[in-house]
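Visitor: Dropping a structure here in structure tokens format, bear with me for questions.
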Amino acid sequence: MAVNPAPRRVRDRAPWRLKDRRYRAAAESVTAEQRPERPQHEAGAPVRQSSLWRDAWRRYVRNRAAVVAAVAFGLLVAFCLFYPLVSPHDPYEVNFSQASESPSLEHPLGTDRFGRDLLTRTALGGRVSIGIGFAATIAILLIGVVYGSIAGFVGGWLDNGMMRFLDALYGLPYLPFAIITIAIFGNVTFWVMVVALAIASWFTAARIVRGQIITLKQNDYVRAAKAIGARWHRILGRHLLPNTLGVLIIAIFLELPAVILGEAFISFIGLGISPPDASWGAMAQDGRAVYRVHPIEIVIPSVAIATLILSANFIADGLRDALDPRTKET
Amino acid sequence: MALLEVRDLQTQFFTRDGVVRAVDGVSFELDRGRTLAIVGESGCGKSVTALSIMGLIPRPPAEIVAGEVLLEGRELTALDESELEQVRGRRIAMIFQDPMTSLNPTLKIGTQITEALRHHLGLGRREARTRAAELLDEVGLPLPQQRLDDYPHRLSGGMRQRVMIAMAISCNPAVLIADEPTTALDVTVQAQVLDLLDELRHEHDMAMLIITHDMGVVAEVADDVLVMYAGQVVEQAPVEELFDNPQHPYTEALLGALPQLDEQEVRSGRLTAIPGRPPDLLDPPAACRYAARCPYASRADSCTTEMPALRPVRRGHLVRSAHPACERAEAAAEVPA
Amino acid sequence: MTALVIRRLVWTIPVLLLVIFLTFVLMRQIEGNPFRTSERAIPESIQRNLEAKFGLNDPWYVQYAKYVEGVATFDLGPSLTQRGQTVNEVVREHFPESLELGGLAFLFAIVVGIPLGVVAALRANTPTDYAAMVVSNLGFAVPSFLVATLLIYFVVVRWGVADIPTSGWTTWQSKILPVVALGLGPAAYFARLVRGSMLETLQQDYIRTAKAKGLPHRRVVLVHALRNSLIPAVTAAGPLLGFLITGSFVIEQIFAIPGIGRYYVTAVTGRDYSVVMGLTVLLAIIVIVANLVVDIVYGFLDPRTRDARA
């Protein structure tokens with residue numbers, strides 16, 4: 001692993017990589033008119049204020065990867081929501097004469113071994129997967145917020161006890177836990193899956209919320225609020241929770257891929273939602289049987305999952321940078 | 001030949017919004033055994049000057065675009081990174097402002113001191129350890145042997161700064177740069193650290209460059225003073241001359257902003273603050289940069305049209321202003337009462 | 001330091017009890033028992049006898065107490081569906097493979113992921129960095145069943161690399177594909193994490209101090225920066241274990257590895273209480289122990305926590 005940079009002179013050299021040299025040229029070429037939003041103030045004038053959200057938005061939009069990810073994410077979700085409404089094919093109709101076809105004009109992604117149009121099935125699968133993802137994520141956050149706020153806000157022995165309990169729960173392996181939960185219900189429906197996933201994964205969210213609340217609680221403005229006699233629900237609702245909003249939004253985009261992946265895994269080992277409402281994971285499992293001859297059946301749903309996870313991750317990164325500009329990566 | 005000579009140093013930052021001229025033509029000389037203080041408010045470029053001398057500015061986005069830095073006759077800006085590594089710590093050392101964050105929290109104090117000794121002076125493990133203990137003793141830490149095995153978080157701010165100083169002088173550098181060494185410490189400790197620095201400088205016959213925004217510190221330790229504003233030197237003089245006869249309006253304001261306990265100059269009780277803020281270094285005015293805040297600036301003069309040059313107005317005393325105090329006094333005297 | 005370890009060990013007991021209790025409660029909620037759901041219709045009287053024999057008719061707290069006693073003496077009870085086998089035997093047969101798979105995958109993740117992250121950070125914003133990050137993002141997002149399938153497809157079917165079996169867990173060749181498939185995700189995760197952490201560390205003041213001392217670049221990175229950068233990676237290693245466990249379920253299915261992952265699912269659907277309980281308890285113990293190890297390593301890396309933990 002080469003760790004030493006190539007020796008270079010400080011000046012009069014072309015050691016800066018191409019990108020840096022262009023960077024420098026770009027910086028030099030920025031004239032006064034082109035500078036964005038820098039108030040041309042003389043020394044002594046006050047600097048204009050700008051709200052937190054607007055700043056965050058602006059910072060987010062400057063991050064190209066995050067924007068691309070957000071667009072991709074939006075497109076994927078939109079596709080899954082709307083395509084089945086306009087698709088000319090019936091996703092449930094079995095038609096062996098058209099089984100396992102390659103992509104064509106009529107079937108842009110081909111058909112599966114039952115002759116069903118893959119594109120439409122992918123969209124439907126997306127509805128299920130994404131639906132489960134969002135539902136479970138919201139459930140996780142709800143449980144997490146309630147648990148975390150109570151623990152963080154009340155503090156003391158209650159907080160201690162609740163956190164110890166949480167530590168204990170961490171000892172439960174995620175997948176087995178979810179599997180057992182599913183088994184309890186016997187028949188696996190959409191909501192069963194949501195509940196199972198939520199129950200197995202709310203711990204981290206609770207911990208994050210509690211951590212935030214504890215940090216914020218120590219802020220002076222909370223003390224000020226208490227000093228003027230504000231009641232606890234006002235403090236919680238007005239001061240603490242809104243400030244955890246940023247962290248929660250980021251948490252959404254971090255939990256979502258984990259939940260979707262979890263659902264995919266569970267479906268893949270056969271414990272998923274009963275057909276015919278297949279999620280992407282279930283489709284992948286189906287496709288596994290024929291992957292040697294018709295790999296597209298497993299590849300497509302997996303790629304869809306991967307795309308969703310990737311874009312959600314980038315969105316989360318972008319949000320994190322936008323809301324907390326201290327983490328710079330130059 | 002001066003020990004450290006800086007000629008027309010210009011350091012710029014290339015940012016998304018344009019070019020920031022952080023250091024815009026700074027020159028000075030530092031001789032052996034003397035202390036030069038660079039004083040100015042936050043953002044005036046004094047720290048960047050020090051970092052540029054050491055070659056520690058972050059290479060993108062910053063760059064030394066012009067000027068020379070000569071240490072013992074050697075041109076530092078022409079050296080490549082590995083050559084610079086030989087010079088840093090060995091011939092010229094630097095201590096930083098915040099001792100809390102400037103020491104590596106996961107390494108023992110002893111390791112952090114001995115690594116420089118072993119790298120630059122080639123000392124063996126045991127030798128280096130002995131020397132490190134000696135150094136800790138020299139900087140005034142009690143129980144130096146035990147301290148070597150401690151981690152930084154165990155020490156107080158003052159003690160950590162002493163450790164930093166020990167690290168810096170360990171290889172007997174010719175020049176010591178101290179960037180706001182006392183700002184993060186409380187007042188009682190400040191005096192001790194300044195005394196320590198002064199003492200060490202005498203004993204090791206080093207030259208010291210001290211960066212500060214506190215005129216009290218300047219009065220305490222400096223032999224010569226450089227006043228910086230908005231990336232430029234605006235006044236340069238030996239310390240007593242500066243305090244007795246400040247010429248630049250900015251220097252006068254700085255001195256006026258000092259709380260005075262001296263009964264001869266008891267003021268009406270107010271500290272004079274300087275209104276306004278320094279100019280944006282992205283787009284500095286082509287004229288005098290202090291004009292917007294200067295009580296003597298007038299449109300009739302060149303203040304808003306021309307950049308005043310740094311020129312001598314008294315013996316050994318340079319000023320960059322169209323209205324240095326001595327000329328103002330003359331002008332006032334000419335006006336019929 | 002030792003106080004820390006002892007305290008954590010003491011804590012594992014109530015945690016374990018809780019785990020057993022929860023699993024116990026949940027399992028009891030699943031309807032049916034192994035004898036009623038098996039394919040062969042068992043006459044009622046025999047069913048009752050079996051239930052009595054396995055203590056299924058005792059009140060729940062009695063069953064629970066007996067079970068806890070069993071765990072304490074390392075007796076996990078008999079398997080309810082595999083007549084004649086005890087859970088211990090099941091574990092002994094299948095567990096080592098899973099452990100090996102998980103262990104190797106973890107090693108792979110460390111050996112590949114961490115250096116990748118370091119290199120990417122050192123060459124930040126260069127093509128090397130971008131390439132490394134693209135690879136790691138893909139490795140992270142692509143679900144491991146796809147990775148496994150693609151690996152099998154390309155390595156065996158397309159390129160025809162001989163001697164790499166795609167099932168079983170015997171020769172070292174048979175272990176390559178599953179380990180890579182399972183370890184790629186964690187490796188990618190580590191790479192991203194270490195890169196970010198390293199970049200942040202390199203901005204710190206003490207790195208500037210180290211450079212000001214004139215230390216060679218290699219030392220600054222390897223000694224000063226790396227130690228601090230690894231800390232978040234170590235923290236992430238704990239939950240990663242959970243990922244390895246869940247991932248192994250899927251990988252074992254794909255590569256037909258006779259580990260406990262495969263066994264677990266059949267046991268759950270077959271209502272084999274004791275196997276499920278035993279395996280869950282075992283997994284929980286592993287996770288707890290792993291977290292303990294992580295905490296110890298963390299304490300080793302970051303001396304501040306050694307004193308702060310009160």
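Simple scheme: letters A, B, ... for chains in structure tokens order, numbers from 1 for residues in each chain, numbers from 1 for ligands in the order shown.
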Within 10 Å of range 251-264 of chain C, counting only C-alpha atoms, which residues qualify if same-chain residues fewer than 6 places away don't, as a short mmCIF file (atom, residue, chain, number, x, y, z; two decimals) with N, CA and C atoms, in the first residue's frame?

Guide:
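Output file selection.cif follows:
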```
data_model
loop_
_atom_site.label_atom_id
_atom_site.label_comp_id
_atom_site.auth_asym_id
_atom_site.auth_seq_id
_atom_site.Cartn_x
_atom_site.Cartn_y
_atom_site.Cartn_z
N PRO A 176 -33.74 -14.33 13.08
CA PRO A 176 -34.50 -15.37 13.77
C PRO A 176 -35.71 -14.80 14.50
N ILE A 179 -38.36 -14.13 12.10
CA ILE A 179 -38.93 -15.38 11.61
C ILE A 179 -39.92 -15.94 12.62
N PHE A 268 -36.83 -14.56 0.51
CA PHE A 268 -35.95 -15.44 -0.25
C PHE A 268 -35.85 -16.81 0.39
N ILE A 269 -35.90 -16.87 1.71
CA ILE A 269 -35.83 -18.20 2.29
C ILE A 269 -37.20 -18.82 2.42
N ARG A 288 -34.72 -17.89 -8.79
CA ARG A 288 -33.54 -18.69 -8.49
C ARG A 288 -33.61 -20.06 -9.14
N VAL C 90 -27.65 -31.81 17.31
CA VAL C 90 -27.93 -31.01 16.12
C VAL C 90 -26.93 -29.86 16.02
N VAL C 91 -26.76 -29.22 17.15
CA VAL C 91 -25.83 -28.09 17.16
C VAL C 91 -24.43 -28.55 16.78
N ARG C 92 -24.01 -29.61 17.39
CA ARG C 92 -22.65 -30.06 17.15
C ARG C 92 -22.43 -30.43 15.69
N GLU C 93 -23.49 -30.95 15.09
CA GLU C 93 -23.34 -31.32 13.68
C GLU C 93 -23.27 -30.13 12.77
N HIS C 94 -24.16 -29.18 12.99
CA HIS C 94 -24.32 -28.12 12.00
C HIS C 94 -23.64 -26.81 12.35
N PHE C 95 -23.44 -26.61 13.62
CA PHE C 95 -22.95 -25.29 13.98
C PHE C 95 -21.54 -24.96 13.48
N PRO C 96 -20.60 -25.87 13.59
CA PRO C 96 -19.24 -25.51 13.18
C PRO C 96 -19.15 -24.94 11.77
N GLU C 97 -19.96 -25.51 10.86
CA GLU C 97 -19.89 -24.99 9.50
C GLU C 97 -20.32 -23.53 9.45
N SER C 98 -21.42 -23.24 10.11
CA SER C 98 -21.89 -21.86 10.09
C SER C 98 -20.88 -20.93 10.73
N LEU C 99 -20.31 -21.38 11.81
CA LEU C 99 -19.32 -20.55 12.50
C LEU C 99 -18.14 -20.27 11.59
N GLU C 100 -17.71 -21.32 10.91
CA GLU C 100 -16.57 -21.13 10.01
C GLU C 100 -16.92 -20.17 8.88
N LEU C 101 -18.09 -20.38 8.33
CA LEU C 101 -18.52 -19.48 7.25
C LEU C 101 -18.53 -18.04 7.72
N SER C 144 -27.08 -9.96 -0.93
CA SER C 144 -26.10 -11.02 -1.05
C SER C 144 -26.60 -12.20 -1.86
N PHE C 145 -27.91 -12.37 -1.97
CA PHE C 145 -28.32 -13.50 -2.80
C PHE C 145 -28.03 -13.22 -4.27
N VAL C 147 -25.47 -11.33 -5.25
CA VAL C 147 -24.02 -11.48 -5.35
C VAL C 147 -23.68 -12.95 -5.52
N ALA C 148 -24.31 -13.77 -4.67
CA ALA C 148 -24.02 -15.20 -4.74
C ALA C 148 -24.38 -15.75 -6.11
N THR C 149 -25.57 -15.41 -6.57
CA THR C 149 -26.01 -15.93 -7.85
C THR C 149 -25.09 -15.47 -8.97
N ILE C 152 -21.80 -17.32 -8.85
CA ILE C 152 -21.91 -18.67 -9.39
C ILE C 152 -22.01 -18.61 -10.90
N PRO C 165 -16.63 -25.83 -6.57
CA PRO C 165 -17.98 -26.37 -6.41
C PRO C 165 -18.92 -25.30 -5.89
N THR C 166 -20.15 -25.50 -6.21
CA THR C 166 -21.11 -24.50 -5.75
C THR C 166 -22.00 -25.02 -4.66
N SER C 167 -21.67 -26.15 -4.15
CA SER C 167 -22.47 -26.60 -3.02
C SER C 167 -21.59 -27.38 -2.07
N GLY C 168 -22.07 -27.50 -0.91
CA GLY C 168 -21.30 -28.26 0.07
C GLY C 168 -20.24 -27.40 0.73
N TRP C 169 -19.66 -27.95 1.73
CA TRP C 169 -18.68 -27.19 2.50
C TRP C 169 -17.61 -28.16 2.93
N THR C 170 -16.77 -28.52 1.96
CA THR C 170 -15.78 -29.55 2.28
C THR C 170 -14.38 -29.08 1.98
N SER C 174 -14.48 -25.16 -2.09
CA SER C 174 -15.93 -25.00 -1.97
C SER C 174 -16.26 -23.84 -1.06
N LYS C 175 -15.27 -23.35 -0.33
CA LYS C 175 -15.57 -22.30 0.62
C LYS C 175 -15.40 -20.91 0.04
N LEU C 177 -16.49 -19.26 -2.79
CA LEU C 177 -17.66 -18.50 -3.24
C LEU C 177 -18.58 -18.08 -2.10
N PRO C 178 -18.94 -18.99 -1.22
CA PRO C 178 -19.84 -18.55 -0.14
C PRO C 178 -19.21 -17.47 0.72
N VAL C 179 -17.93 -17.61 1.03
CA VAL C 179 -17.30 -16.61 1.89
C VAL C 179 -17.31 -15.24 1.22
N ALA C 181 -19.30 -14.23 -1.17
CA ALA C 181 -20.67 -13.74 -1.30
C ALA C 181 -21.16 -13.16 0.02
N LEU C 182 -20.83 -13.80 1.11
CA LEU C 182 -21.30 -13.31 2.40
C LEU C 182 -20.49 -12.12 2.87
N LEU C 244 -24.10 -10.81 9.49
CA LEU C 244 -23.48 -12.05 9.05
C LEU C 244 -24.38 -13.24 9.34
N ILE C 245 -24.99 -13.19 10.51
CA ILE C 245 -25.88 -14.30 10.85
C ILE C 245 -27.06 -14.38 9.89
N GLY C 270 -41.58 -26.46 11.37
CA GLY C 270 -41.96 -27.75 11.92
C GLY C 270 -42.34 -27.69 13.38
N ASP C 272 -40.56 -27.31 15.92
CA ASP C 272 -39.67 -28.04 16.81
C ASP C 272 -39.14 -27.06 17.85
N VAL C 275 -35.42 -27.20 19.30
CA VAL C 275 -34.36 -26.82 18.37
C VAL C 275 -34.35 -25.31 18.18
N VAL C 276 -35.53 -24.78 17.98
CA VAL C 276 -35.61 -23.33 17.76
C VAL C 276 -35.07 -22.58 18.97
N MET C 277 -35.54 -22.99 20.14
CA MET C 277 -35.07 -22.34 21.35
C MET C 277 -33.56 -22.44 21.46
N LEU C 279 -31.26 -23.05 19.27
CA LEU C 279 -30.50 -22.28 18.28
C LEU C 279 -30.57 -20.79 18.56
N THR C 280 -31.76 -20.33 18.92
CA THR C 280 -31.88 -18.90 19.19
C THR C 280 -31.01 -18.51 20.37
N LEU C 283 -27.45 -18.42 19.25
CA LEU C 283 -27.14 -17.23 18.46
C LEU C 283 -27.05 -16.01 19.36
#
```

Visitor: With only C-alpha atoms as the counted atoms, please give the residues lying no more than 10 Å from Leu281 in chain B, apart from itself and same-chain residues fewer than 4 positions off, as a PDB file with N, CA, C and O atoms, in the first residue's frame.

Guide:
```pdb
ATOM      1  N   GLN B  12      -3.015  32.091  -1.232  1.00  0.00           N
ATOM      2  CA  GLN B  12      -4.411  32.261  -1.626  1.00  0.00           C
ATOM      3  C   GLN B  12      -5.164  30.953  -1.516  1.00  0.00           C
ATOM      4  O   GLN B  12      -4.613  29.877  -1.670  1.00  0.00           O
ATOM      5  N   PHE B  13      -6.471  31.063  -1.256  1.00  0.00           N
ATOM      6  CA  PHE B  13      -7.343  29.906  -1.189  1.00  0.00           C
ATOM      7  C   PHE B  13      -8.249  29.923  -2.404  1.00  0.00           C
ATOM      8  O   PHE B  13      -8.930  30.920  -2.650  1.00  0.00           O
ATOM      9  N   GLY B  18     -14.542  31.767  -5.492  1.00  0.00           N
ATOM     10  CA  GLY B  18     -13.532  32.666  -6.010  1.00  0.00           C
ATOM     11  C   GLY B  18     -12.223  32.503  -5.260  1.00  0.00           C
ATOM     12  O   GLY B  18     -12.011  31.547  -4.530  1.00  0.00           O
ATOM     13  N   VAL B  19     -11.340  33.449  -5.452  1.00  0.00           N
ATOM     14  CA  VAL B  19     -10.013  33.362  -4.847  1.00  0.00           C
ATOM     15  C   VAL B  19      -9.954  34.218  -3.591  1.00  0.00           C
ATOM     16  O   VAL B  19     -10.231  35.411  -3.639  1.00  0.00           O
ATOM     17  N   VAL B  20      -9.590  33.616  -2.483  1.00  0.00           N
ATOM     18  CA  VAL B  20      -9.465  34.368  -1.231  1.00  0.00           C
ATOM     19  C   VAL B  20      -7.992  34.716  -1.029  1.00  0.00           C
ATOM     20  O   VAL B  20      -7.141  33.835  -0.952  1.00  0.00           O
ATOM     21  N   ARG B  21      -7.713  35.991  -0.947  1.00  0.00           N
ATOM     22  CA  ARG B  21      -6.323  36.425  -0.798  1.00  0.00           C
ATOM     23  C   ARG B  21      -6.005  36.524   0.684  1.00  0.00           C
ATOM     24  O   ARG B  21      -6.024  37.599   1.255  1.00  0.00           O
ATOM     25  N   ALA B  22      -5.733  35.373   1.273  1.00  0.00           N
ATOM     26  CA  ALA B  22      -5.594  35.342   2.724  1.00  0.00           C
ATOM     27  C   ALA B  22      -4.348  36.072   3.208  1.00  0.00           C
ATOM     28  O   ALA B  22      -4.380  36.767   4.214  1.00  0.00           O
ATOM     29  N   VAL B  23      -3.240  35.857   2.517  1.00  0.00           N
ATOM     30  CA  VAL B  23      -2.010  36.573   2.881  1.00  0.00           C
ATOM     31  C   VAL B  23      -1.551  37.300   1.635  1.00  0.00           C
ATOM     32  O   VAL B  23      -1.288  36.686   0.609  1.00  0.00           O
ATOM     33  N   ASP B  24      -1.481  38.607   1.733  1.00  0.00           N
ATOM     34  CA  ASP B  24      -1.309  39.389   0.516  1.00  0.00           C
ATOM     35  C   ASP B  24      -0.072  40.266   0.564  1.00  0.00           C
ATOM     36  O   ASP B  24      -0.170  41.476   0.620  1.00  0.00           O
ATOM     37  N   GLY B  43      -8.995  36.188  11.376  1.00  0.00           N
ATOM     38  CA  GLY B  43      -9.224  36.273   9.939  1.00  0.00           C
ATOM     39  C   GLY B  43      -8.286  37.213   9.214  1.00  0.00           C
ATOM     40  O   GLY B  43      -8.394  37.380   8.011  1.00  0.00           O
ATOM     41  N   CYS B  44      -7.340  37.810   9.924  1.00  0.00           N
ATOM     42  CA  CYS B  44      -6.475  38.764   9.230  1.00  0.00           C
ATOM     43  C   CYS B  44      -5.335  38.083   8.500  1.00  0.00           C
ATOM     44  O   CYS B  44      -4.595  38.726   7.787  1.00  0.00           O
ATOM     45  N   GLY B  45      -5.185  36.808   8.681  1.00  0.00           N
ATOM     46  CA  GLY B  45      -4.164  36.101   7.925  1.00  0.00           C
ATOM     47  C   GLY B  45      -2.929  35.742   8.722  1.00  0.00           C
ATOM     48  O   GLY B  45      -1.971  35.212   8.170  1.00  0.00           O
ATOM     49  N   ALA B 230      -6.540  42.300   7.391  1.00  0.00           N
ATOM     50  CA  ALA B 230      -7.056  41.887   6.074  1.00  0.00           C
ATOM     51  C   ALA B 230      -5.958  41.369   5.163  1.00  0.00           C
ATOM     52  O   ALA B 230      -5.895  41.706   3.999  1.00  0.00           O
ATOM     53  N   GLY B 231      -5.084  40.548   5.718  1.00  0.00           N
ATOM     54  CA  GLY B 231      -4.092  39.900   4.876  1.00  0.00           C
ATOM     55  C   GLY B 231      -2.835  40.709   4.604  1.00  0.00           C
ATOM     56  O   GLY B 231      -1.921  40.244   3.950  1.00  0.00           O
ATOM     57  N   PRO B 285     -11.161  45.504  -1.443  1.00  0.00           N
ATOM     58  CA  PRO B 285     -11.144  46.765  -2.198  1.00  0.00           C
ATOM     59  C   PRO B 285      -9.737  47.040  -2.706  1.00  0.00           C
ATOM     60  O   PRO B 285      -8.753  46.643  -2.091  1.00  0.00           O
ATOM     61  N   ARG B 289      -7.599  48.963   2.780  1.00  0.00           N
ATOM     62  CA  ARG B 289      -8.595  48.014   3.274  1.00  0.00           C
ATOM     63  C   ARG B 289      -9.206  48.418   4.600  1.00  0.00           C
ATOM     64  O   ARG B 289     -10.206  47.858   5.010  1.00  0.00           O
TER      65      ARG B 289
END
```

Visitor: Could you tell me which of B:Leu76, B:Val221, B:Gly110, B:Pro181 comes closest to Leu148 in chain B if we count only C-alpha atoms?

Guide: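 Ranking B:Leu76, B:Val221, B:Gly110, B:Pro181 by distance to Leu148 in chain B, first place goes to B:Gly110.
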
Visitor: Contacts of Pro142 in chain B at 12 Å or less, counting only C-alpha atoms, minus same-chain residues fewer than 5 places along, as a PyMOL selection string?

Guide: chain B and resi 133-137+147-148+155+159+162-163

Visitor: Show me, as a ChimeraX atom specification, every residue of chain C with an atom at most 8 Å from chain B, counting only C-alpha atoms.

Guide: /C:204-209,211-216,224,227-228,301-304

Visitor: Pick out the closest residue to Ser129 in chain A from this set: A:Pro257, A:Gly318, A:Gly270, A:Pro84. Count only C-alpha atoms.

Guide: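 Counting only C-alpha atoms, the residue closest to Ser129 in chain A is A:Pro257.
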
Visitor: CA of Pro308 in chain B to CA of Arg34 in chain B: how many Å, to one decimal?

Guide: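 Calculated distance between CA of Pro308 in chain B and CA of Arg34 in chain B is 28.6 Å.
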
Visitor: Quick one: contact table of chain B to chain A, 6 Å max, nearest atom pair and distance in Å to one decimal per residue, counting only C-alpha atoms, chain and number order, as CSV?

Guide:
```
residue,atom,partner,partner_atom,distance
B:Phe14,CA,A:Ala27,CA,5.4
B:Thr15,CA,A:Ala27,CA,5.7
B:Arg16,CA,A:Ala27,CA,5.9
B:Asp17,CA,A:Arg35,CA,5.8
B:Gly18,CA,A:Ala27,CA,4.4
B:Val19,CA,A:Ala27,CA,5.6
B:Thr77,CA,A:Val10,CA,5.6
B:Ala78,CA,A:Arg9,CA,5.8
B:Leu79,CA,A:Arg9,CA,5.6
B:Asp80,CA,A:Arg9,CA,4.3
B:Glu81,CA,A:Pro7,CA,5.7
B:Gly276,CA,A:Gly44,CA,3.3
B:Arg277,CA,A:Gly44,CA,4.7
B:Pro278,CA,A:Ala43,CA,5.5
B:Pro279,CA,A:Ala43,CA,4.9
B:Ala292,CA,A:Ala43,CA,5.8
```

Visitor: Write to file, as a PDB file, in the first residue's frame, the residues of the selection just made, with N, CA, C and O atoms.

Guide:
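Dumped to part_4.pdb:
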```pdb
ATOM      1  N   PHE B  14      -8.277  28.822  -3.137  1.00  0.00           N
ATOM      2  CA  PHE B  14      -9.116  28.757  -4.326  1.00  0.00           C
ATOM      3  C   PHE B  14     -10.402  28.058  -3.980  1.00  0.00           C
ATOM      4  O   PHE B  14     -10.442  26.849  -3.818  1.00  0.00           O
ATOM      5  N   THR B  15     -11.456  28.810  -3.855  1.00  0.00           N
ATOM      6  CA  THR B  15     -12.717  28.238  -3.414  1.00  0.00           C
ATOM      7  C   THR B  15     -13.752  28.330  -4.507  1.00  0.00           C
ATOM      8  O   THR B  15     -13.567  28.963  -5.537  1.00  0.00           O
ATOM      9  N   ARG B  16     -14.894  27.697  -4.210  1.00  0.00           N
ATOM     10  CA  ARG B  16     -16.006  27.695  -5.144  1.00  0.00           C
ATOM     11  C   ARG B  16     -16.462  29.103  -5.477  1.00  0.00           C
ATOM     12  O   ARG B  16     -16.961  29.380  -6.549  1.00  0.00           O
ATOM     13  N   ASP B  17     -16.306  29.987  -4.496  1.00  0.00           N
ATOM     14  CA  ASP B  17     -16.800  31.346  -4.719  1.00  0.00           C
ATOM     15  C   ASP B  17     -15.729  32.293  -5.241  1.00  0.00           C
ATOM     16  O   ASP B  17     -15.972  33.486  -5.368  1.00  0.00           O
ATOM     17  N   GLY B  18     -14.542  31.767  -5.492  1.00  0.00           N
ATOM     18  CA  GLY B  18     -13.532  32.666  -6.010  1.00  0.00           C
ATOM     19  C   GLY B  18     -12.223  32.503  -5.260  1.00  0.00           C
ATOM     20  O   GLY B  18     -12.011  31.547  -4.530  1.00  0.00           O
ATOM     21  N   VAL B  19     -11.340  33.449  -5.452  1.00  0.00           N
ATOM     22  CA  VAL B  19     -10.013  33.362  -4.847  1.00  0.00           C
ATOM     23  C   VAL B  19      -9.954  34.218  -3.591  1.00  0.00           C
ATOM     24  O   VAL B  19     -10.231  35.411  -3.639  1.00  0.00           O
ATOM     25  N   THR B  77       9.987  27.359   0.243  1.00  0.00           N
ATOM     26  CA  THR B  77       8.898  27.144  -0.701  1.00  0.00           C
ATOM     27  C   THR B  77       9.323  26.315  -1.897  1.00  0.00           C
ATOM     28  O   THR B  77       8.501  25.863  -2.665  1.00  0.00           O
ATOM     29  N   ALA B  78      10.641  26.135  -2.047  1.00  0.00           N
ATOM     30  CA  ALA B  78      11.092  25.346  -3.192  1.00  0.00           C
ATOM     31  C   ALA B  78      11.317  23.895  -2.821  1.00  0.00           C
ATOM     32  O   ALA B  78      11.669  23.086  -3.656  1.00  0.00           O
ATOM     33  N   LEU B  79      11.109  23.560  -1.568  1.00  0.00           N
ATOM     34  CA  LEU B  79      11.385  22.193  -1.146  1.00  0.00           C
ATOM     35  C   LEU B  79      10.206  21.290  -1.427  1.00  0.00           C
ATOM     36  O   LEU B  79       9.060  21.718  -1.383  1.00  0.00           O
ATOM     37  N   ASP B  80      10.489  20.015  -1.677  1.00  0.00           N
ATOM     38  CA  ASP B  80       9.372  19.093  -1.804  1.00  0.00           C
ATOM     39  C   ASP B  80       9.024  18.524  -0.435  1.00  0.00           C
ATOM     40  O   ASP B  80       9.680  18.807   0.556  1.00  0.00           O
ATOM     41  N   GLU B  81       7.984  17.726  -0.422  1.00  0.00           N
ATOM     42  CA  GLU B  81       7.412  17.313   0.851  1.00  0.00           C
ATOM     43  C   GLU B  81       8.410  16.573   1.738  1.00  0.00           C
ATOM     44  O   GLU B  81       8.505  16.825   2.935  1.00  0.00           O
ATOM     45  N   GLY B 276     -17.877  47.912  12.790  1.00  0.00           N
ATOM     46  CA  GLY B 276     -17.758  47.288  11.473  1.00  0.00           C
ATOM     47  C   GLY B 276     -16.957  45.995  11.504  1.00  0.00           C
ATOM     48  O   GLY B 276     -16.569  45.495  12.553  1.00  0.00           O
ATOM     49  N   ARG B 277     -16.745  45.425  10.316  1.00  0.00           N
ATOM     50  CA  ARG B 277     -16.006  44.184  10.193  1.00  0.00           C
ATOM     51  C   ARG B 277     -14.959  44.314   9.101  1.00  0.00           C
ATOM     52  O   ARG B 277     -15.079  45.184   8.250  1.00  0.00           O
ATOM     53  N   PRO B 278     -13.990  43.430   9.116  1.00  0.00           N
ATOM     54  CA  PRO B 278     -12.968  43.487   8.075  1.00  0.00           C
ATOM     55  C   PRO B 278     -13.558  43.183   6.703  1.00  0.00           C
ATOM     56  O   PRO B 278     -14.603  42.533   6.614  1.00  0.00           O
ATOM     57  N   PRO B 279     -12.913  43.634   5.641  1.00  0.00           N
ATOM     58  CA  PRO B 279     -13.467  43.410   4.310  1.00  0.00           C
ATOM     59  C   PRO B 279     -13.416  41.941   3.936  1.00  0.00           C
ATOM     60  O   PRO B 279     -12.602  41.193   4.455  1.00  0.00           O
ATOM     61  N   ALA B 292     -12.977  51.630   5.426  1.00  0.00           N
ATOM     62  CA  ALA B 292     -14.380  51.617   5.848  1.00  0.00           C
ATOM     63  C   ALA B 292     -14.548  51.819   7.348  1.00  0.00           C
ATOM     64  O   ALA B 292     -15.597  52.242   7.809  1.00  0.00           O
TER      65      ALA B 292
END
```

Visitor: DSSP on the backbone: which residues in range 96-324 of chain A end up as alpha helix (DSSP H)? Give the answer as number ranges by chain.

Guide: A: 118-154, 156-170, 174-185, 190-217, 220-227, 232-234, 241-268, 280-288, 296-323
